[in-house]
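Heads up: the structure comes next, in structure tokens.
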Amino acid sequence: MRSASPELVHQEIWAHLTIHHCLTRIIMRLAAGDGLDPDRISFVKVLKHARRSVILQTGRSTRHLQQFMKRMATKVARKVDNGVRRLREADRYTRHPVSQYIVRTKDHVRRGTRRVPEKVITLSPAMLD
């Protein structure tokens, strides 16, 4: 986060969530208009197109925004892979990385370190030469 104070961090998080929600709504609207699966539309491509175009849209009328949405829809539709897709058989799930560290709970009892007996190393005279 770029913000220094907790209030600004809170505001920045809400800004990111708002942008994500708006872009997801754009993707859903584009998918519904063309009868596409929303998963086939790249979130990153829509984000990049919106980022490039948002500066041009400041102070524009509703008509200009509708034209912008139409242009975005045609651009995204060109880049979508419309090939045949197999039906999803299993539920979706997010894979979480396997943690290398043990999660310790409050009632976890730590064991002491194991004592290793001392080792005595003797060198034979043949090894010293």
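Every chain in the structure tokens has a letter given in the order shown (A, B, ...), and although residue numbers restart at 1 in each chain, ligands are simply numbered from 1 in the order shown.
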
Just list as a short mmCIF file (atom, residue, chain, number, x, y, z; two decimals) with N, CA and C atoms, in the first residue's frame whatever in chain A DSSP marks as alpha helix (DSSP H).
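File part02.cif, as written:
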```cif
data_model
loop_
_atom_site.label_atom_id
_atom_site.label_comp_id
_atom_site.auth_asym_id
_atom_site.auth_seq_id
_atom_site.Cartn_x
_atom_site.Cartn_y
_atom_site.Cartn_z
N PRO A 6 -3.25 4.75 8.77
CA PRO A 6 -4.27 3.69 8.71
C PRO A 6 -5.56 4.11 7.99
N GLU A 7 -5.95 5.38 8.15
CA GLU A 7 -7.17 5.84 7.48
C GLU A 7 -7.00 5.81 5.96
N LEU A 8 -5.81 6.22 5.49
CA LEU A 8 -5.58 6.22 4.05
C LEU A 8 -5.43 4.80 3.50
N VAL A 9 -4.86 3.90 4.29
CA VAL A 9 -4.78 2.50 3.87
C VAL A 9 -6.19 1.93 3.74
N HIS A 10 -7.05 2.23 4.69
CA HIS A 10 -8.44 1.79 4.65
C HIS A 10 -9.12 2.32 3.39
N GLN A 11 -8.90 3.59 3.08
CA GLN A 11 -9.49 4.20 1.89
C GLN A 11 -8.94 3.55 0.62
N GLU A 12 -7.65 3.25 0.61
CA GLU A 12 -7.04 2.65 -0.57
C GLU A 12 -7.56 1.23 -0.81
N ILE A 13 -7.75 0.48 0.26
CA ILE A 13 -8.30 -0.87 0.12
C ILE A 13 -9.71 -0.80 -0.46
N TRP A 14 -10.53 0.13 0.04
CA TRP A 14 -11.88 0.27 -0.50
C TRP A 14 -11.84 0.71 -1.96
N ALA A 15 -10.88 1.53 -2.34
CA ALA A 15 -10.76 1.94 -3.74
C ALA A 15 -10.44 0.74 -4.62
N HIS A 16 -9.52 -0.13 -4.16
CA HIS A 16 -9.19 -1.33 -4.93
C HIS A 16 -10.40 -2.25 -5.06
N LEU A 17 -11.14 -2.42 -3.97
CA LEU A 17 -12.33 -3.27 -4.02
C LEU A 17 -13.39 -2.70 -4.95
N THR A 18 -13.55 -1.38 -4.93
CA THR A 18 -14.53 -0.73 -5.81
C THR A 18 -14.16 -0.91 -7.27
N ILE A 19 -12.90 -0.71 -7.60
CA ILE A 19 -12.44 -0.90 -8.98
C ILE A 19 -12.64 -2.35 -9.41
N HIS A 20 -12.30 -3.29 -8.54
CA HIS A 20 -12.48 -4.70 -8.87
C HIS A 20 -13.95 -5.01 -9.13
N HIS A 21 -14.83 -4.47 -8.29
CA HIS A 21 -16.27 -4.70 -8.47
C HIS A 21 -16.75 -4.10 -9.80
N CYS A 22 -16.31 -2.89 -10.10
CA CYS A 22 -16.74 -2.24 -11.35
C CYS A 22 -16.25 -3.01 -12.57
N LEU A 23 -15.00 -3.45 -12.55
CA LEU A 23 -14.48 -4.20 -13.70
C LEU A 23 -15.17 -5.55 -13.83
N THR A 24 -15.50 -6.17 -12.72
CA THR A 24 -16.23 -7.44 -12.78
C THR A 24 -17.62 -7.23 -13.36
N ARG A 25 -18.26 -6.13 -13.00
CA ARG A 25 -19.58 -5.82 -13.59
C ARG A 25 -19.46 -5.58 -15.09
N ILE A 26 -18.40 -4.90 -15.52
CA ILE A 26 -18.18 -4.69 -16.95
C ILE A 26 -18.01 -6.04 -17.65
N ILE A 27 -17.24 -6.93 -17.05
CA ILE A 27 -17.03 -8.26 -17.64
C ILE A 27 -18.35 -9.01 -17.72
N MET A 28 -19.15 -8.95 -16.67
CA MET A 28 -20.44 -9.65 -16.68
C MET A 28 -21.37 -9.07 -17.75
N ARG A 29 -21.36 -7.76 -17.89
CA ARG A 29 -22.20 -7.11 -18.90
C ARG A 29 -21.74 -7.49 -20.31
N LEU A 30 -20.42 -7.51 -20.53
CA LEU A 30 -19.90 -7.90 -21.85
C LEU A 30 -20.23 -9.36 -22.15
N ALA A 31 -20.10 -10.21 -21.15
CA ALA A 31 -20.38 -11.63 -21.36
C ALA A 31 -21.86 -11.87 -21.63
N ALA A 32 -22.72 -11.16 -20.92
CA ALA A 32 -24.16 -11.34 -21.12
C ALA A 32 -24.59 -10.85 -22.50
N GLY A 33 -23.97 -9.78 -22.97
CA GLY A 33 -24.34 -9.24 -24.27
C GLY A 33 -23.98 -10.15 -25.42
N ASP A 34 -22.86 -10.87 -25.30
CA ASP A 34 -22.40 -11.74 -26.39
C ASP A 34 -22.68 -13.21 -26.13
N PHE A 43 -9.64 -10.63 -17.06
CA PHE A 43 -9.76 -9.48 -16.16
C PHE A 43 -8.62 -8.49 -16.41
N VAL A 44 -7.42 -9.00 -16.64
CA VAL A 44 -6.26 -8.14 -16.85
C VAL A 44 -6.40 -7.33 -18.13
N LYS A 45 -6.93 -7.94 -19.20
CA LYS A 45 -7.10 -7.19 -20.45
C LYS A 45 -8.14 -6.09 -20.30
N VAL A 46 -9.22 -6.38 -19.60
CA VAL A 46 -10.24 -5.35 -19.36
C VAL A 46 -9.66 -4.25 -18.49
N LEU A 47 -8.88 -4.61 -17.48
CA LEU A 47 -8.23 -3.62 -16.62
C LEU A 47 -7.30 -2.72 -17.43
N LYS A 48 -6.48 -3.31 -18.29
CA LYS A 48 -5.55 -2.50 -19.10
C LYS A 48 -6.29 -1.58 -20.05
N HIS A 49 -7.35 -2.10 -20.68
CA HIS A 49 -8.12 -1.26 -21.61
C HIS A 49 -8.81 -0.12 -20.86
N ALA A 50 -9.37 -0.43 -19.70
CA ALA A 50 -10.04 0.61 -18.92
C ALA A 50 -9.03 1.64 -18.42
N ARG A 51 -7.85 1.19 -18.01
CA ARG A 51 -6.82 2.11 -17.52
C ARG A 51 -6.37 3.06 -18.63
N ARG A 52 -6.21 2.51 -19.84
CA ARG A 52 -5.80 3.38 -20.96
C ARG A 52 -6.90 4.36 -21.34
N SER A 53 -8.14 3.94 -21.21
CA SER A 53 -9.25 4.74 -21.71
C SER A 53 -9.88 5.65 -20.67
N VAL A 54 -9.62 5.43 -19.40
CA VAL A 54 -10.33 6.18 -18.37
C VAL A 54 -9.97 7.66 -18.39
N THR A 62 -23.04 10.81 -20.99
CA THR A 62 -23.49 9.42 -20.91
C THR A 62 -23.41 8.75 -22.28
N ARG A 63 -23.69 9.52 -23.32
CA ARG A 63 -23.62 8.96 -24.68
C ARG A 63 -22.20 8.52 -25.01
N HIS A 64 -21.22 9.33 -24.62
CA HIS A 64 -19.84 8.96 -24.86
C HIS A 64 -19.44 7.72 -24.07
N LEU A 65 -19.97 7.60 -22.85
CA LEU A 65 -19.67 6.41 -22.05
C LEU A 65 -20.28 5.15 -22.66
N GLN A 66 -21.47 5.29 -23.25
CA GLN A 66 -22.08 4.14 -23.92
C GLN A 66 -21.27 3.73 -25.14
N GLN A 67 -20.76 4.72 -25.87
CA GLN A 67 -19.90 4.40 -27.01
C GLN A 67 -18.61 3.72 -26.55
N PHE A 68 -18.09 4.20 -25.42
CA PHE A 68 -16.89 3.59 -24.85
C PHE A 68 -17.15 2.12 -24.51
N MET A 69 -18.31 1.84 -23.90
CA MET A 69 -18.65 0.46 -23.55
C MET A 69 -18.79 -0.41 -24.79
N LYS A 70 -19.37 0.14 -25.86
CA LYS A 70 -19.50 -0.62 -27.11
C LYS A 70 -18.14 -0.92 -27.71
N ARG A 71 -17.24 0.08 -27.69
CA ARG A 71 -15.89 -0.15 -28.22
C ARG A 71 -15.16 -1.19 -27.39
N MET A 72 -15.32 -1.11 -26.08
CA MET A 72 -14.68 -2.10 -25.21
C MET A 72 -15.24 -3.49 -25.48
N ALA A 73 -16.55 -3.58 -25.69
CA ALA A 73 -17.17 -4.88 -25.96
C ALA A 73 -16.64 -5.48 -27.25
N THR A 74 -16.52 -4.67 -28.29
CA THR A 74 -16.00 -5.22 -29.56
C THR A 74 -14.53 -5.61 -29.42
N LYS A 75 -13.77 -4.82 -28.69
CA LYS A 75 -12.35 -5.13 -28.53
C LYS A 75 -12.16 -6.41 -27.71
N VAL A 76 -12.92 -6.55 -26.65
CA VAL A 76 -12.80 -7.75 -25.82
C VAL A 76 -13.31 -8.96 -26.58
N ALA A 77 -14.39 -8.81 -27.34
CA ALA A 77 -14.95 -9.94 -28.09
C ALA A 77 -13.95 -10.44 -29.14
N ARG A 78 -13.15 -9.54 -29.71
CA ARG A 78 -12.15 -9.97 -30.68
C ARG A 78 -11.07 -10.81 -30.03
N LYS A 79 -10.74 -10.51 -28.79
CA LYS A 79 -9.62 -11.18 -28.13
C LYS A 79 -10.04 -12.41 -27.33
N PRO A 125 47.29 -42.77 14.09
CA PRO A 125 48.57 -42.21 13.63
C PRO A 125 48.72 -42.26 12.12
N ALA A 126 48.10 -43.22 11.45
CA ALA A 126 48.23 -43.31 10.00
C ALA A 126 47.56 -42.12 9.31
N MET A 127 46.54 -41.58 9.92
CA MET A 127 45.82 -40.45 9.32
C MET A 127 46.57 -39.14 9.52
N LEU A 128 47.44 -39.09 10.50
CA LEU A 128 48.17 -37.86 10.77
C LEU A 128 49.31 -37.64 9.79
#
```
